[in-house]
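Asks: The following block contains the structure, expressed as structure tokens.
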Amino acid sequence: MSTDTDAELLAMLEADMTLEAAQPILALAAGYFADTRRGEGPVSTWHSAQVIADRLVSAMPRLPRPLPDVARRLSQLLLDDVNRLAHPMYTGHQVSAPLPAAVWTDALISALNQSQGVREMSPSFTPLEHQVIAWMTDLVGWDEQAGGTMTSGGTEATFAALLAARSRAVPNVWKHGLGAKPPVIVCGEFAHYAVSRAAGEMGLGTSRVIIIPSRDHHMDLGALRQQLEALRASGTRVMAVVASAGCTGTGSFDDLNAIANLCDEFADDHGPLWLHVDAAHGGAALLSPSHQHRMRGLVRARSLTWDPHKSLLLPLSAGMVLVRSQDDLTRAFTQEEPSLIGPGASNAQLWDLGPRSFHTSRRADVLKLWVAIERYGTDNLARLYDRLCRMTQLLHGLVKAHPDFVALHEPMSNILCFAWKPEGVASDDLDTLTEALRERYNRSGRGFLSVITLNGRRVLRVTIMNARTDETHLARLMDGLAAEAAQILHTH
Ligand SMILES: *Cc1c(COP(=O)(O)O)cnc(C)c1O
């Protein structure tokens with residue numbers, strides 16, 4: 001390439017670095033916020049993946065386009081078919097209508113491109129991440145031994161925490177593997193699949209995950225005791241007991257204190273059993289005076305998963321793994337015993353976040369979490385969580401009052417499962433009909449909800465992750481479902 005064309009190219013990059021150049025892209029985001037505000041228009045797309053894929057087939061562009069043209073093409077090709085999480089009728093999955101201040105910060109994080117693995121590569125956001133993690137561990141009630149790291153989400157956080165538990169149960173695991181008599185993980189039947197996935201990924205094997213049945217959607221404590229007794233009798237080491245704080249299916253919270261009591265009672269020669277709490281979804285309850293009682297006993301956990309991109313309404317991705325003793329996390333990822341984290345450790349090594357996670361290069365997602373906390377304050381973040389939970393409670397009332405729908409539990413957070421039970425329909429047909437109802441409702445563009453299996457049945461599930469969703473939208477949700485349900489019964 002000649003210097004002339006280099007100069008042109010470099011000028012193009014320089015021109016793109018201005019606020020004016022950013023305008024067409026940022027305007028798409030602001031326009032999206034504005035368009036969804038009134039709660040009109042479709043919530044999602046009815047096009048199949050293939051239809052969208054066909055539209056995107058083209059030769060890979062060799063030549064440039066002006067940024068405004070790219071923004072226009074992006075909008076025309078793609079934006080009509082996104083799931084509109086900012087639309088107040090979106091009640092589908094556990095993904096937020098994100099806090100706007102955090103959204104704008106994402107562009108800054110990319111612009112600065114600090115890498116969180118090594119202090120040298122992120123001189124100001126490394127201490128920031130330590131500070132924000134310290135805020136979070138303070139909320140848990142842990143002391144200055146505690147620590148953690150931001151993660152890509154709850155799946156990674158849970159894996160990291162379980163790796164830490166593995167290093168404790170099998171101290172030489174890094175070098176010698178799990179050995180002939182590997183330990184087990186004990187978790188509730190509604191634990192997120194991140195737990196069994198971690199067991200598979202780390203070579204423990206999913207058959208080493210012992211499932212405790214539920215009672216009223218909480219881990220059954222009697223069954224847990226029986227299982228721990230049986231494991232002790234057979235000489236099987238328990239690597240970790242995993243409790244859920246805001247479980248994915250129903251949003252319910254296990255009794256953390258009671259589970260911690262059992263972890264104490266069944267202590268082995270390493271001390272109390274390792275209690276991991278998966279609060280990926282429910283962590284925000286810690287901020288809320290009216291919900292924090294659900295987290296009672298959390299301080300006794302040894303590790304914690306908490307996703308700010310769930311109920312703290314951050315944009316993807318922002319997860320966290322927190323540990324009561326930060327050495328635990330370092331040990332999980334170090335080939336040698338972490339002798340560096342002692343008097344001999346250099347200053348840089350003490351700050352580096354890389355040794356306590358999977359990552360080398362890692363985005364400074366902590367910045368958007370910090371901006372959200374600075375901008376809204378924890379009182380308001382708690383109020384937002386309370387609001388999401390209150391709306392779910394109101395929906396629970398509407399479902400209970402409806403002749404064709406049955407609420408399946410009291411909501412403990414912002415998730416509600418309910419069943420469609422139309423009169424005169426054989427219960428064998430209900431799974432299929434429920435799937436059809438969800439499909440029709442979502443494709444209609446009126447709203448968006450999900451379906452899960454609960455006690456062997458396919459049931460409807462609503463998760464409210466949007467501050468815009470209010471009573472009128474809940475009424476529209478029930479009306480929309482009833483209308484689609486009538487259509488289905490008409491042709492059934
Ligand atoms: C969402 C969720 C996870 C997984 O988190 P990701 O951020 O999607 O990786 C794990 N556990 C619970 C309870 C969750 O709700």
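Residues are named by chain letter and number: chains run A, B, ... in the order of the structure tokens, numbers start at 1 in each chain, and ligands are numbered from 1 in the order shown.
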Residues at most 6 Å from segment 322-326 of chain A, counting only C-alpha atoms, excluding those fewer than 2 positions away in the same chain, as a ChimeraX atom specification?
Replies: /A:145-148,302-304,328-329
Asks: Using only C-alpha atoms, determine which residues lie at most 9 Å from segment 470-475 of chain A, disregarding the query and same-chain residues fewer than 5 positions distant; provide the list as a list in words.
Replies: Gly39, Pro88, Met89, Met391, Thr392, Leu394, Leu395, Leu398 and Gly480 of chain A
Asks: Segment 205-214 of chain A: which residues within 12 Å, counting only C-alpha atoms, same-chain residues fewer than 4 positions away excluded, as a count of residues only?
Replies: 54
Asks: Hey, what's within 10 Å of Val82 of chain A if we count only C-alpha atoms and toss same-chain stuff fewer than 6 positions away? As number ranges by chain, please?
Replies: A: 42-45
Asks: Ranking A:Trp174, A:Tyr441, A:Phe159, A:Phe333 by minimum distance to ligand 1 and counting only C-alpha atoms and all ligand atoms, which one comes first?
Replies: A:Phe159
Asks: Select from segment 329-460 of chain A everything DSSP, run on the backbone, classes as strand (DSSP E), then give the selection as a list in words.
Replies: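 For segment 329-460 of chain A, the strand (DSSP E) set is Phe405, Val406, Ala407, Ile415, Leu416, Cys417, Phe418, Ala419, Trp420, Ser450, Val451, Ile452, Thr453, Leu454, Arg457, Arg458, Val459 and Leu460 of chain A.
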Asks: Give one line per residue of segment 221-328 of chain A that approaches segment 408-424 of chain A to at most 9 Å, naming the two atoms of the closest pair and their distance in Å to one decimal, counting only C-alpha atoms; sort by chain then ascending residue number and deliver it as a Markdown table.
Replies:
```
| residue | atom | partner | partner_atom | distance |
| --- | --- | --- | --- | --- |
| A:Gly246 | CA | A:Ser413 | CA | 7.0 |
| A:Thr248 | CA | A:Ile415 | CA | 8.3 |
| A:Gly249 | CA | A:Cys417 | CA | 7.8 |
| A:Thr250 | CA | A:Ile415 | CA | 5.7 |
| A:Gly251 | CA | A:Ile415 | CA | 5.3 |
| A:Ser252 | CA | A:Met412 | CA | 5.3 |
| A:Phe253 | CA | A:Met412 | CA | 7.2 |
| A:Gly282 | CA | A:Ser413 | CA | 7.4 |
| A:Ala285 | CA | A:Ser413 | CA | 8.3 |
| A:His291 | CA | A:Ser413 | CA | 8.4 |
| A:Arg294 | CA | A:Met412 | CA | 8.6 |
| A:Ser311 | CA | A:Asn414 | CA | 8.6 |
```
Asks: Excluding same-chain residues fewer than 3 positions from Asn261 of chain A, what lies within 12 Å of it counting only C-alpha atoms, as a list in words?
Replies: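 With the cut-off at 12 Å, the set is Leu221, Leu224, Arg225, Val241, Asp255, Leu256, Asn257, Ala258, Asp264, Glu265, Phe266, Ala267, Pro272, Leu273, Trp274, Leu275, Gly297, Leu298, Arg300 and Ala301 of chain A.
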Asks: Have a look at atom CA of His93 of chain A and atom CA of Asp307 of chain A and let me know their distance in Å, one decimal.
Replies: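 Atom-to-atom, atom CA of His93 of chain A to atom CA of Asp307 of chain A, that is 14.2 Å.
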Asks: Between atom CA of Pro66 of chain A and atom CA of Leu13 of chain A, what is the distance in Å, rounded to a tenth?
Replies: 11.3 Å
